[in-house]
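Novice: Input final-v9.cif, format and content: mmCIF, C-alpha atoms.
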data_upload
loop_
_atom_site.label_atom_id
_atom_site.label_comp_id
_atom_site.auth_asym_id
_atom_site.auth_seq_id
_atom_site.Cartn_x
_atom_site.Cartn_y
_atom_site.Cartn_z
CA MET A 1 17.84 -41.45 14.39
CA LYS A 2 21.47 -42.30 13.71
CA ARG A 3 20.74 -42.47 10.01
CA THR A 4 19.36 -38.93 10.06
CA THR A 5 22.44 -37.49 11.73
CA SER A 6 24.91 -39.33 9.52
CA ILE A 7 23.70 -37.86 6.20
CA SER A 8 26.75 -36.24 4.60
CA LEU A 9 26.76 -32.62 3.51
CA PRO A 10 27.24 -33.47 -0.21
CA SER A 11 24.14 -35.70 -0.11
CA LEU A 12 22.16 -32.89 1.54
CA LEU A 13 23.29 -30.46 -1.12
CA MET A 14 22.38 -32.90 -3.89
CA LEU A 15 18.90 -33.30 -2.41
CA PHE A 16 18.62 -29.52 -2.00
CA LEU A 17 19.50 -28.95 -5.66
CA PHE A 18 17.03 -31.65 -6.70
CA ASN A 19 14.34 -29.93 -4.62
CA CYS A 20 15.11 -26.57 -6.25
CA GLN A 21 14.79 -28.16 -9.68
CA PHE A 22 11.42 -29.66 -8.66
CA LEU A 23 10.24 -26.27 -7.37
CA GLU A 24 11.28 -24.60 -10.62
CA LYS A 25 9.29 -27.13 -12.66
CA LYS A 26 6.23 -26.49 -10.50
CA THR A 27 6.40 -22.71 -10.56
CA GLY A 28 7.85 -21.91 -13.97
CA PRO A 29 11.34 -20.92 -15.02
CA LYS A 30 13.77 -18.42 -13.51
CA VAL A 31 12.02 -17.69 -10.24
CA ASP A 32 14.19 -15.42 -8.10
CA PRO A 33 15.09 -17.29 -4.87
CA ASN A 34 14.57 -14.05 -2.93
CA VAL A 35 10.97 -13.98 -4.16
CA ILE A 36 10.47 -17.59 -3.08
CA LYS A 37 11.70 -16.64 0.38
CA GLU A 38 9.43 -13.59 0.39
CA VAL A 39 6.40 -15.78 -0.39
CA LYS A 40 7.36 -18.25 2.36
CA VAL A 41 7.68 -15.50 4.95
CA GLY A 42 4.48 -13.81 3.77
CA LYS A 43 2.55 -17.04 3.92
CA ALA A 44 3.75 -17.74 7.45
CA LEU A 45 2.87 -14.19 8.50
CA ALA A 46 -0.60 -14.51 6.97
CA ALA A 47 -1.05 -17.83 8.79
CA LYS A 48 -0.09 -16.14 12.04
CA LEU A 49 -2.69 -13.41 11.50
CA ALA A 50 -5.28 -16.05 10.56
CA LYS A 51 -4.51 -17.83 13.82
CA LYS A 52 -4.87 -14.64 15.84
CA TYR A 53 -8.14 -13.38 14.37
CA GLY A 54 -9.57 -16.30 12.42
CA LEU A 55 -10.06 -16.19 8.65
CA ILE A 56 -13.65 -15.89 7.45
CA LYS A 57 -14.19 -18.80 5.07
CA ASP A 58 -17.06 -17.38 3.08
CA GLU A 59 -16.15 -18.35 -0.47
CA PRO A 60 -18.53 -16.07 -2.45
CA PHE A 61 -17.54 -12.90 -0.59
CA THR A 62 -13.83 -13.80 -0.45
CA ARG A 63 -13.99 -14.41 -4.20
CA TYR A 64 -15.59 -10.97 -4.65
CA VAL A 65 -12.86 -9.29 -2.52
CA ASN A 66 -10.25 -11.14 -4.59
CA LEU A 67 -11.81 -9.95 -7.84
CA VAL A 68 -11.67 -6.33 -6.61
CA GLY A 69 -8.05 -6.78 -5.52
CA ARG A 70 -6.95 -8.63 -8.64
CA SER A 71 -8.55 -6.03 -10.90
CA MET A 72 -5.85 -3.67 -9.61
CA ALA A 73 -3.04 -6.20 -9.05
CA ILE A 74 -2.92 -6.87 -12.81
CA TYR A 75 -1.24 -3.44 -13.16
CA SER A 76 1.46 -4.22 -10.57
CA SER A 77 5.10 -4.74 -11.46
CA ARG A 78 5.08 -7.81 -9.19
CA GLN A 79 3.70 -10.12 -11.88
CA GLU A 80 5.62 -13.02 -10.33
CA LEU A 81 3.27 -12.96 -7.33
CA GLU A 82 -0.17 -14.51 -7.05
CA PHE A 83 -1.99 -11.91 -4.97
CA ARG A 84 -4.48 -13.29 -2.40
CA PHE A 85 -7.01 -11.27 -0.46
CA GLY A 86 -8.65 -12.61 2.70
CA ILE A 87 -11.00 -11.40 5.45
CA LEU A 88 -10.06 -11.56 9.13
CA ASP A 89 -12.77 -12.20 11.68
CA THR A 90 -12.46 -9.18 13.96
CA GLU A 91 -14.29 -5.92 14.61
CA ASP A 92 -10.94 -4.09 14.62
CA VAL A 93 -10.67 -1.76 11.64
CA ASN A 94 -7.40 -2.65 9.96
CA ALA A 95 -5.68 -4.32 7.02
CA PHE A 96 -2.38 -6.12 6.66
CA ALA A 97 -0.03 -6.44 3.71
CA CYS A 98 2.11 -9.52 4.08
CA PRO A 99 5.12 -9.97 1.80
CA GLY A 100 4.63 -12.24 -1.16
CA GLY A 101 1.16 -10.94 -2.02
CA PHE A 102 -1.02 -11.94 0.94
CA VAL A 103 -3.38 -9.08 1.82
CA LEU A 104 -5.75 -9.51 4.77
CA VAL A 105 -8.48 -7.00 5.63
CA THR A 106 -10.63 -7.11 8.74
CA LYS A 107 -14.40 -7.57 8.77
CA GLY A 108 -14.52 -4.41 10.91
CA ALA A 109 -12.98 -2.43 8.05
CA ILE A 110 -15.41 -3.90 5.51
CA ASP A 111 -18.36 -3.13 7.82
CA LEU A 112 -17.48 0.58 7.53
CA MET A 113 -17.63 0.56 3.74
CA GLU A 114 -20.53 1.49 1.51
CA THR A 115 -19.05 1.11 -1.96
CA GLU A 116 -16.73 -1.18 -3.92
CA ALA A 117 -14.45 1.81 -4.53
CA GLU A 118 -13.89 2.17 -0.77
CA LEU A 119 -12.95 -1.51 -0.58
CA ALA A 120 -10.67 -1.02 -3.60
CA SER A 121 -9.01 1.97 -1.91
CA LEU A 122 -8.05 -0.10 1.14
CA LEU A 123 -6.85 -3.04 -0.98
CA SER A 124 -4.85 -0.74 -3.26
CA HIS A 125 -3.03 0.77 -0.27
CA GLU A 126 -2.01 -2.70 0.94
CA LEU A 127 -1.19 -3.85 -2.59
CA SER A 128 1.20 -0.91 -2.85
CA HIS A 129 3.09 -1.97 0.28
CA VAL A 130 3.75 -5.33 -1.43
CA THR A 131 4.62 -3.84 -4.83
CA LEU A 132 6.98 -1.26 -3.35
CA LYS A 133 8.63 -3.94 -1.20
CA HIS A 134 8.04 -2.06 2.03
CA SER A 135 8.74 -5.28 3.92
CA GLY A 136 12.26 -5.51 2.49
CA ASP A 137 13.99 -7.56 -0.15
CA PHE A 138 14.31 -10.95 1.62
CA GLU A 139 17.76 -11.52 0.22
CA GLU A 140 19.08 -15.02 0.63
CA LYS A 141 22.15 -14.72 2.81
CA GLY A 142 23.22 -18.35 2.76
CA ALA A 143 20.99 -21.17 3.90
CA SER A 144 21.30 -22.55 7.39
CA ILE A 145 21.26 -26.31 7.88
CA LEU A 146 17.61 -26.03 9.04
CA ASP A 147 16.77 -24.27 5.79
CA VAL A 148 18.45 -27.03 3.82
CA ILE A 149 16.64 -29.76 5.76
CA SER A 150 13.29 -28.01 5.47
CA ALA A 151 13.81 -27.43 1.75
CA ILE A 152 14.33 -31.16 1.22
CA MET A 153 10.90 -31.84 2.66
CA ALA A 154 7.78 -31.50 0.56
CA PRO A 155 7.16 -28.09 -1.05
CA GLY A 156 4.82 -26.08 1.12
CA GLY A 157 5.76 -28.09 4.17
CA ASP A 158 8.77 -25.94 4.96
CA LEU A 159 6.93 -22.76 5.78
CA VAL A 160 7.64 -22.37 9.44
CA SER A 161 11.34 -23.08 9.65
CA SER A 162 13.25 -21.31 12.40
CA VAL A 163 14.59 -18.79 9.88
CA THR A 164 11.08 -18.01 8.59
CA LYS A 165 9.82 -17.71 12.16
CA GLY A 166 12.54 -15.17 12.97
CA ALA A 167 11.59 -13.09 9.93
CA VAL A 168 7.88 -13.35 10.76
CA ASP A 169 8.35 -12.27 14.37
CA GLY A 170 10.43 -9.32 13.19
CA LEU A 171 7.75 -8.28 10.71
CA VAL A 172 4.92 -8.64 13.23
CA ASN A 173 6.73 -6.33 15.60
CA GLN A 174 7.93 -3.86 13.00
CA PHE A 175 4.83 -3.45 10.87
CA PHE A 176 1.78 -4.51 12.86
CA GLU A 177 2.66 -3.31 16.35
CA LYS A 178 5.02 -0.36 15.92
CA GLY A 179 3.90 0.50 12.39
CA ARG A 180 5.80 1.04 9.16
CA LYS A 181 7.73 4.21 8.38
CA LYS A 182 5.53 7.27 7.90
CA GLU A 183 6.99 7.86 4.42
CA GLU A 184 6.06 4.31 3.38
CA GLU A 185 2.45 4.78 4.49
CA ILE A 186 2.17 8.07 2.61
CA GLU A 187 3.83 6.52 -0.44
CA SER A 188 1.33 3.61 -0.35
CA ASP A 189 -1.57 6.07 -0.12
CA LYS A 190 -0.29 7.82 -3.26
CA ALA A 191 0.49 4.57 -5.08
CA GLY A 192 -2.94 3.25 -4.16
CA THR A 193 -4.59 6.10 -6.06
CA ILE A 194 -2.61 5.09 -9.16
CA TYR A 195 -4.02 1.57 -8.95
CA LEU A 196 -7.53 2.92 -8.31
CA SER A 197 -7.19 5.26 -11.25
CA GLN A 198 -5.96 2.48 -13.58
CA ALA A 199 -8.92 0.30 -12.59
CA GLY A 200 -11.31 3.22 -13.10
CA TYR A 201 -12.40 3.59 -9.46
CA ASP A 202 -13.49 6.82 -7.81
CA LEU A 203 -10.47 8.40 -6.10
CA GLU A 204 -12.50 10.33 -3.55
CA SER A 205 -13.44 6.96 -2.03
CA SER A 206 -9.95 6.79 -0.48
CA ILE A 207 -10.63 10.01 1.36
CA ILE A 208 -14.15 8.89 2.33
CA TYR A 209 -12.77 5.66 3.77
CA LEU A 210 -9.98 7.44 5.68
CA LYS A 211 -12.54 9.76 7.28
CA LYS A 212 -14.62 6.74 8.36
CA LEU A 213 -11.51 5.07 9.77
CA ASP A 214 -10.76 8.19 11.79
CA LYS A 215 -14.23 8.21 13.35
CA SER A 216 -14.49 4.46 13.97
CA GLN A 217 -14.60 3.09 17.52
CA HIS A 218 -12.35 0.16 16.60
CA ASN A 219 -9.47 2.04 15.00
CA GLU A 220 -6.97 2.02 17.86
CA VAL A 221 -4.33 -0.20 16.22
CA ALA A 222 -4.79 1.26 12.73
CA LEU A 223 -4.32 4.82 14.00
CA LYS A 224 -1.35 3.82 16.15
CA THR A 225 0.44 2.23 13.18
CA HIS A 226 -0.33 4.93 10.59
CA PRO A 227 0.36 8.67 10.28
CA PRO A 228 -2.40 11.06 11.45
CA THR A 229 -5.43 10.70 9.17
CA LEU A 230 -5.73 14.42 8.42
CA GLU A 231 -2.13 14.45 7.21
CA ARG A 232 -2.81 11.40 5.00
CA ILE A 233 -5.86 13.09 3.49
CA SER A 234 -3.95 16.30 2.88
CA GLU A 235 -1.05 14.44 1.18
CA LEU A 236 -3.51 12.45 -0.95
CA ASN A 237 -5.36 15.55 -2.12
CA LYS A 238 -2.07 17.23 -2.97
CA PHE A 239 -0.88 14.19 -4.96
CA ILE A 240 -4.15 13.87 -6.89
CA THR A 241 -4.09 17.58 -7.80
CA GLU A 242 -0.39 17.68 -8.73
CA ASN A 243 -0.72 14.60 -10.92
CA LYS A 244 -3.92 15.84 -12.56
CA LEU A 245 -5.66 12.56 -11.79
CA ASN A 246 -9.36 12.30 -12.53
CA MET A 247 -11.12 12.26 -9.16
CA ARG A 248 -14.35 10.78 -10.49
CA GLY A 249 -14.73 7.12 -11.34
CA LYS A 250 -16.91 4.10 -10.68
CA THR A 251 -18.05 3.38 -7.11
CA ASN A 252 -20.02 0.20 -7.90
CA LEU A 253 -22.25 0.93 -4.95
CA GLN A 254 -25.04 -1.47 -5.97
CA ARG A 255 -22.73 -4.43 -6.56
CA PHE A 256 -21.03 -3.89 -3.20
CA ARG A 257 -24.36 -3.60 -1.39
CA GLY A 258 -25.59 -6.85 -2.92
CA GLU A 259 -22.42 -8.80 -2.18
CA TYR A 260 -22.07 -7.39 1.35
CA ALA A 261 -25.75 -8.02 2.28
CA SER A 262 -25.53 -11.67 1.21
CA PHE A 263 -22.27 -12.08 3.08
CA ALA A 264 -23.65 -10.46 6.25
CA GLN A 265 -26.62 -12.82 6.19
CA ARG A 266 -24.43 -15.90 5.82
CA TYR A 267 -22.05 -14.59 8.49
CA GLU A 268 -24.84 -14.09 11.02
CA LYS A 269 -26.23 -17.57 10.32
CA GLN A 270 -22.89 -19.32 10.58
CA LYS A 271 -21.35 -17.31 13.36
CA PRO A 272 -23.85 -16.00 15.88
CA LYS A 273 -21.22 -15.70 18.63
CA VAL A 274 -19.28 -12.50 19.32
CA THR A 275 -16.10 -12.11 17.25
CA LYS A 276 -12.74 -12.53 18.90
CA PRO A 277 -11.30 -9.49 20.67
CA ALA A 278 -7.84 -8.44 19.52
CA THR A 279 -4.94 -9.98 21.40
CA THR A 280 -1.26 -9.52 20.93
CA LEU A 281 0.40 -11.73 18.36
CA MET B 1 46.40 7.16 -5.53
CA LYS B 2 43.52 9.00 -3.79
CA LYS B 3 42.49 10.48 -7.16
CA TYR B 4 42.03 7.02 -8.64
CA LEU B 5 40.13 5.83 -5.58
CA TRP B 6 37.58 8.65 -5.99
CA LEU B 7 37.31 7.86 -9.70
CA LEU B 8 36.63 4.22 -8.86
CA ILE B 9 33.96 5.17 -6.30
CA ALA B 10 32.31 7.54 -8.81
CA LEU B 11 32.29 4.88 -11.52
CA PHE B 12 30.86 2.31 -9.12
CA GLY B 13 28.15 4.80 -8.08
CA MET B 14 27.24 5.49 -11.72
CA GLU B 15 27.05 1.76 -12.37
CA LEU B 16 24.63 1.37 -9.45
CA LEU B 17 22.49 4.31 -10.58
CA SER B 18 22.21 3.26 -14.20
CA ALA B 19 20.76 -0.14 -13.40
CA PRO B 20 18.62 -2.11 -15.87
CA MET B 21 14.94 -2.40 -14.97
CA TYR B 22 12.10 -4.36 -16.52
CA VAL B 23 8.67 -3.21 -17.61
CA GLN B 24 6.36 -5.66 -15.85
CA SER B 25 3.04 -3.85 -16.03
CA PRO B 26 0.83 -3.63 -19.12
CA VAL B 27 0.12 0.07 -18.44
CA ALA B 28 3.66 1.46 -17.97
CA GLN B 29 4.11 4.73 -19.80
CA LEU B 30 7.24 6.70 -20.59
CA LEU B 31 6.15 10.12 -19.37
CA GLU B 32 7.59 13.50 -20.29
CA LYS B 33 7.36 14.76 -16.71
CA PRO B 34 7.33 13.01 -13.32
CA MET B 35 3.58 13.18 -12.94
CA ALA B 36 0.83 10.68 -13.72
CA GLY B 37 -1.15 13.02 -15.97
CA SER B 38 1.84 13.90 -18.17
CA PRO B 39 1.77 12.99 -21.88
CA GLY B 40 3.65 9.80 -22.69
CA MET B 41 4.01 6.65 -24.73
CA LEU B 42 3.14 3.09 -23.72
CA LEU B 43 6.17 0.90 -23.00
CA PRO B 44 5.91 -2.70 -24.22
CA LYS B 45 5.66 -5.20 -21.38
CA GLY B 46 8.97 -7.02 -20.92
CA SER B 47 11.10 -4.11 -22.24
CA VAL B 48 14.42 -3.46 -20.55
CA VAL B 49 14.98 0.18 -19.56
CA THR B 50 17.91 1.89 -17.86
CA LYS B 51 17.33 3.67 -14.58
CA ILE B 52 19.17 6.98 -14.38
CA GLY B 53 17.44 8.58 -11.41
CA GLU B 54 14.47 8.68 -9.08
CA GLN B 55 11.99 11.39 -8.17
CA ASP B 56 9.16 10.80 -5.67
CA MET B 57 6.88 8.12 -7.20
CA PHE B 58 8.74 8.12 -10.51
CA ILE B 59 11.90 6.56 -11.92
CA LYS B 60 13.86 8.48 -14.53
CA ILE B 61 14.85 6.13 -17.34
CA THR B 62 16.23 5.89 -20.83
CA PHE B 63 14.64 3.59 -23.37
CA ASP B 64 15.41 3.29 -27.04
CA GLY B 65 17.33 6.59 -26.98
CA LYS B 66 14.48 8.43 -25.25
CA GLU B 67 14.54 9.84 -21.74
CA GLY B 68 11.54 10.15 -19.46
CA PHE B 69 9.79 9.02 -16.29
CA VAL B 70 7.91 5.84 -15.38
CA ASN B 71 5.80 5.31 -12.27
CA LYS B 72 7.77 3.05 -9.93
CA LEU B 73 4.75 0.76 -9.49
CA PHE B 74 5.19 -0.45 -13.05
CA LEU B 75 8.93 -1.26 -13.11
CA SER B 76 10.81 -4.09 -11.49
CA ALA B 77 14.47 -4.79 -10.84
CA ASN B 78 13.70 -8.47 -11.49
CA PRO B 79 13.40 -9.87 -15.02
CA PRO B 80 10.06 -11.49 -15.95
CA SER B 81 9.59 -14.93 -14.42
CA GLY B 82 6.98 -17.56 -13.70
CA LYS B 83 4.51 -17.04 -10.87
CA VAL B 84 5.53 -18.23 -7.43
CA SER B 85 2.74 -20.28 -5.97
CA PHE B 86 3.33 -22.84 -3.27
CA GLY B 87 -0.36 -23.60 -2.97
CA ASP B 88 -0.36 -25.52 -6.24
CA ALA B 89 2.35 -27.83 -5.00
CA ILE B 90 0.58 -28.80 -1.79
CA ASP B 91 -1.20 -32.12 -2.05
CA GLN B 92 -2.37 -32.25 1.55
CA SER B 93 -2.88 -29.89 4.46
CA THR B 94 0.35 -28.08 5.28
CA SER B 95 -0.45 -28.02 8.95
CA VAL B 96 -0.95 -31.78 8.90
CA LYS B 97 2.54 -32.06 7.44
CA ALA B 98 3.83 -29.54 9.98
CA ARG B 99 2.32 -31.62 12.78
CA ALA B 100 3.77 -34.81 11.38
CA ARG B 101 7.22 -33.24 11.07
CA ALA B 102 6.98 -31.70 14.53
CA SER B 103 6.14 -35.14 15.87
CA SER B 104 9.11 -36.93 14.29
CA PHE B 105 11.40 -34.05 15.19
CA THR B 106 10.10 -34.19 18.77
CA GLN B 107 11.00 -37.87 19.00
CA THR B 108 14.48 -37.20 17.65
CA ALA B 109 14.98 -34.27 19.97
CA ALA B 110 13.63 -36.16 22.97
CA ALA B 111 16.22 -38.84 22.32
CA ARG B 112 18.83 -36.10 22.41
CA GLY B 113 17.51 -34.80 25.69
CA PHE B 114 15.54 -31.74 24.53
CA SER B 115 12.10 -31.01 25.87
CA GLU B 116 9.10 -30.87 23.51
CA SER B 117 8.64 -27.13 24.04
CA GLN B 118 12.28 -26.44 23.14
CA THR B 119 11.85 -28.48 19.98
CA LEU B 120 8.68 -26.72 18.90
CA ARG B 121 10.23 -23.34 19.48
CA THR B 122 13.15 -24.32 17.28
CA ARG B 123 10.79 -25.48 14.55
CA GLY B 124 8.69 -22.31 14.75
CA GLY B 125 5.76 -23.55 16.83
CA ALA B 126 3.13 -24.86 14.41
CA GLN B 127 0.42 -24.00 16.97
CA ASP B 128 0.99 -20.26 16.30
CA TYR B 129 0.02 -20.59 12.64
CA ASP B 130 -3.26 -21.41 10.91
CA MET B 131 -1.91 -22.80 7.64
CA ASP B 132 -5.20 -24.55 6.81
CA SER B 133 -6.92 -21.18 6.38
CA ILE B 134 -4.20 -19.91 4.08
CA VAL B 135 -4.38 -23.10 2.01
CA TRP B 136 -8.17 -22.52 1.82
CA LEU B 137 -7.53 -18.96 0.60
CA GLU B 138 -5.10 -20.20 -2.03
CA LYS B 139 -7.72 -22.56 -3.41
CA ILE B 140 -9.87 -19.63 -4.53
CA LYS B 141 -8.88 -19.43 -8.17
CA ILE B 142 -9.56 -16.34 -10.23
CA GLU B 143 -9.30 -17.03 -13.94
CA ASP B 144 -8.60 -14.30 -16.50
CA ALA B 145 -12.12 -14.75 -17.87
CA ASP B 146 -13.64 -14.18 -14.38
CA LEU B 147 -11.68 -10.97 -14.05
CA GLU B 148 -12.62 -9.81 -17.50
CA SER B 149 -16.34 -10.25 -16.90
CA PHE B 150 -16.02 -8.65 -13.43
CA GLN B 151 -14.41 -5.53 -14.90
CA LYS B 152 -17.15 -5.01 -17.50
#
Before anything else, please render the file you have as structure tokens.
Specialist:
Amino acid sequence: MKRTTSISLPSLLMLFLFNCQFLEKKTGPKVDPNVIKEVKVGKALAAKLAKKYGLIKDEPFTRYVNLVGRSMAIYSSRQELEFRFGILDTEDVNAFACPGGFVLVTKGAIDLMETEAELASLLSHELSHVTLKHSGDFEEKGASILDVISAIMAPGGDLVSSVTKGAVDGLVNQFFEKGRKKEEEIESDKAGTIYLSQAGYDLESSIIYLKKLDKSQHNEVALKTHPPTLERISELNKFITENKLNMRGKTNLQRFRGEYASFAQRYEKQKPKVTKPATTL
Amino acid sequence: MKKYLWLLIALFGMELLSAPMYVQSPVAQLLEKPMAGSPGMLLPKGSVVTKIGEQDMFIKITFDGKEGFVNKLFLSANPPSGKVSFGDAIDQSTSVKARARASSFTQTAAARGFSESQTLRTRGGAQDYDMDSIVWLEKIKIEDADLESFQK
């Protein structure tokens, strides 16, 4: 124990610099330290959501959701991020955009959908929150000693440092309980249609999904943390018209039906018990 | 004196407004008007443009002597870089490591007179996070070829 406490500051800094060099080699050159911090916080936040609801570990369907998400993420300006899309095991209808590219949608939301374009519309909305940095910039404001110590440890093992935890708790409260700013939600709705349009998806699917969300019995949190659905639909329609976007596109109904039916079968076999009710984070 | 101060503030403001930005998306277009359906030209990925304003979902820029608008989804304030992926660097379960660290930290802290709960709170409380699931998610690799065949 004495040895741990007697490490001098210069040695710590040397080790810290060595660790940074190692990280750079692993991830490629010139990675912005703010982005590294963003990914750390996002990963911790995603892990917190996974703990709360449970992550469905169905590889074929998760792969399919990731393909839908990535087919739009390739147009994002956040090329430094590896976008990941996962499914949370809850009947609640909701989706979460964690900083750093972690997007988690609930099984309840997917259960409402009938086409791939509807799934794409939800993913594109969340993708936009990440691209437009609606969770902030995660600027490095000087590392605390805990940060330095955690950075010395193995990469990936420093995800829940006290600093990360503080940021995660702040984000949970700000975005998932109180909700983001109304303007940010509207902006993500609009941006989402740009992604949908680039990937060739049907834009009306966004409106179809929003109407389903509004009528769902498990929408309490989603409605509490988003602007009124009618207002979102009205703003979306206005944006699509003003920008002369082509409303019609692919829905990929058959592919979605096939993938979803196989998933539902596997889900029922593997998890016959009732899904977890929502609790506070 | 005041006159110079205002001049300095104005210059600083202009410097902030005309910031360099980077084309990071393969579909970024320099549009004539701030609307998605406006005619435009494709901007090469990696180009540096100068931001001169902002309007709704669009950023007003200059590039190669031309002025126009680009959707803000396609521009970044950060220059191109490698992908950030911590999953690739993990050679064992993160939560196992977190538990191991929590354990050694607990021993150290106990020797200093802290309780285990105080220690875990300081470290972030590994029990509140399901890192294994996120590591599982990160292991799902999507190759360019997979994406290409999916989009067909």
Novice: Evaluating the PyMOL selection byres ((chain B and resi 134) around 9) on the displayed file yields which residues, as an MDAnalysis selection string?
Specialist: (chainID A and resid 43:44 46:47 50 55 86) or (chainID B and resid 87 130:133 135:139)
Novice: Can you tell me how far CA of Ala117 (chain A) sits from CA of Lys182 (chain A), in Å to one decimal?
Specialist: 24.2 Å
Novice: Could you check how far CA of Lys48 (chain A) sits from CA of Asp169 (chain A), in Å to one decimal?
Specialist: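 Computing the Euclidean distance for CA of Lys48 (chain A) and CA of Asp169 (chain A) yields 9.6 Å.
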Novice: Quick one: which residues end up in the PyMOL selection byres ((chain B and resi 64) around 10) for this structure, as a PDB file with C-alpha atoms, keeping the file's coordinate frame?
Specialist:
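The resulting file, out_21.pdb, is reproduced below:
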ATOM      1  CA  SER B  47      11.100  -4.110 -22.240  1.00  0.00           C
ATOM      2  CA  VAL B  48      14.420  -3.460 -20.550  1.00  0.00           C
ATOM      3  CA  VAL B  49      14.980   0.180 -19.560  1.00  0.00           C
ATOM      4  CA  THR B  50      17.910   1.890 -17.860  1.00  0.00           C
ATOM      5  CA  THR B  62      16.230   5.890 -20.830  1.00  0.00           C
ATOM      6  CA  PHE B  63      14.640   3.590 -23.370  1.00  0.00           C
ATOM      7  CA  GLY B  65      17.330   6.590 -26.980  1.00  0.00           C
ATOM      8  CA  LYS B  66      14.480   8.430 -25.250  1.00  0.00           C
ATOM      9  CA  GLU B  67      14.540   9.840 -21.740  1.00  0.00           C
TER      10      GLU B  67
END
Novice: Applying the PyMOL selection byres ((chain A and resi 118) around 8) to the file I just gave you, which residues come out? Please list them as a ChimeraX atom specification.
Specialist: /A:113-117,119-122,205-206,208-209,251
Novice: Could you save the residues just selected, with C-alpha atoms, as an mmCIF file, in the coordinates of the input?
Specialist:
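Saved file out19.cif follows:
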data_model
loop_
_atom_site.group_PDB
_atom_site.id
_atom_site.type_symbol
_atom_site.label_atom_id
_atom_site.label_comp_id
_atom_site.auth_asym_id
_atom_site.auth_seq_id
_atom_site.Cartn_x
_atom_site.Cartn_y
_atom_site.Cartn_z
ATOM 1 C CA MET A 113 -17.630 0.560 3.740
ATOM 2 C CA GLU A 114 -20.530 1.490 1.510
ATOM 3 C CA THR A 115 -19.050 1.110 -1.960
ATOM 4 C CA GLU A 116 -16.730 -1.180 -3.920
ATOM 5 C CA ALA A 117 -14.450 1.810 -4.530
ATOM 6 C CA LEU A 119 -12.950 -1.510 -0.580
ATOM 7 C CA ALA A 120 -10.670 -1.020 -3.600
ATOM 8 C CA SER A 121 -9.010 1.970 -1.910
ATOM 9 C CA LEU A 122 -8.050 -0.100 1.140
ATOM 10 C CA SER A 205 -13.440 6.960 -2.030
ATOM 11 C CA SER A 206 -9.950 6.790 -0.480
ATOM 12 C CA ILE A 208 -14.150 8.890 2.330
ATOM 13 C CA TYR A 209 -12.770 5.660 3.770
ATOM 14 C CA THR A 251 -18.050 3.380 -7.110
#
Novice: Restricting the calculation to only C-alpha atoms, which member of B:Phe74, B:Glu32, B:Ser149, B:Ile52 is positioned closest to chain A?
Specialist: B:Phe74
Novice: Which residues come within 6 Å of Tyr201 (chain A), counting all atoms listed in the file, excluding same-chain residues fewer than 5 positions away, as a PDB file with C-alpha atoms, keeping the file's coordinate frame?
Specialist:
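The resulting file, around_35.pdb, is shown below:
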ATOM      1  CA  ALA A 117     -14.450   1.810  -4.530  1.00  0.00           C
ATOM      2  CA  LEU A 196      -7.530   2.920  -8.310  1.00  0.00           C
ATOM      3  CA  GLY A 249     -14.730   7.120 -11.340  1.00  0.00           C
ATOM      4  CA  LYS A 250     -16.910   4.100 -10.680  1.00  0.00           C
TER       5      LYS A 250
END
Novice: Once 6 Å is added on each side, what centre and edge lengths in Å to one decimal does the axis-aligned box around all listed atoms of region 115-125 of chain A have, as lines of an AutoDock Vina configuration file?
Specialist:
center_x = -11.0
center_y = -0.4
center_z = -1.7
size_x = 28.0
size_y = 17.2
size_z = 17.7
Novice: Between A:Val130, A:Leu210, A:Val168, A:Ile74, which one has atoms that come closest to Ala97 (chain A), using all atoms listed in the file?
Specialist: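 Looking at the shortest contact to Ala97 (chain A), the residue is A:Val130.
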Novice: For chain B, which residue among A:Phe61, A:Tyr260, A:Phe176, A:Phe96 is the nearest when counting only C-alpha atoms?
Specialist: A:Phe61
Novice: Let me make sure I understand: among B:Gly82, B:Gly40, B:Gly46, B:Pro34, which one has the smallest atom-to-atom distance to Leu81 (chain A) if we use all atoms listed in the file?
Specialist: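 Smallest distance to Leu81 (chain A) is found for B:Gly82.
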Novice: Take the point (-5.1, 14.0, 6.5) as written in the file and pick out every residue within 12 Å of it, counting all atoms listed in the file; give the list as JSON, numbers by chain.
Specialist: {"A": [186, 189, 206, 207, 208, 209, 210, 211, 213, 214, 223, 226, 227, 228, 229, 230, 231, 232, 233, 234, 235, 236, 237, 238]}
Novice: Grab region 32-47 of chain B from that structure and dump C-alpha atoms to a file, as a CSV table (one decimal), in the first residue's frame.
Specialist:
chain,number,residue,atom,x,y,z
B,32,GLU,CA,-27.2,27.3,-53.4
B,33,LYS,CA,-29.9,27.7,-50.7
B,34,PRO,CA,-30.3,26.5,-47.2
B,35,MET,CA,-32.6,23.6,-48.1
B,36,ALA,CA,-31.9,20.0,-48.8
B,37,GLY,CA,-33.5,19.9,-52.2
B,38,SER,CA,-31.5,22.9,-53.5
B,39,PRO,CA,-29.1,22.4,-56.4
B,40,GLY,CA,-25.5,22.0,-55.4
B,41,MET,CA,-22.1,20.4,-55.9
B,42,LEU,CA,-20.6,17.4,-54.1
B,43,LEU,CA,-17.8,18.4,-51.7
B,44,PRO,CA,-14.8,16.1,-51.5
B,45,LYS,CA,-14.6,14.2,-48.2
B,46,GLY,CA,-11.8,15.7,-46.1
B,47,SER,CA,-12.1,19.2,-47.6
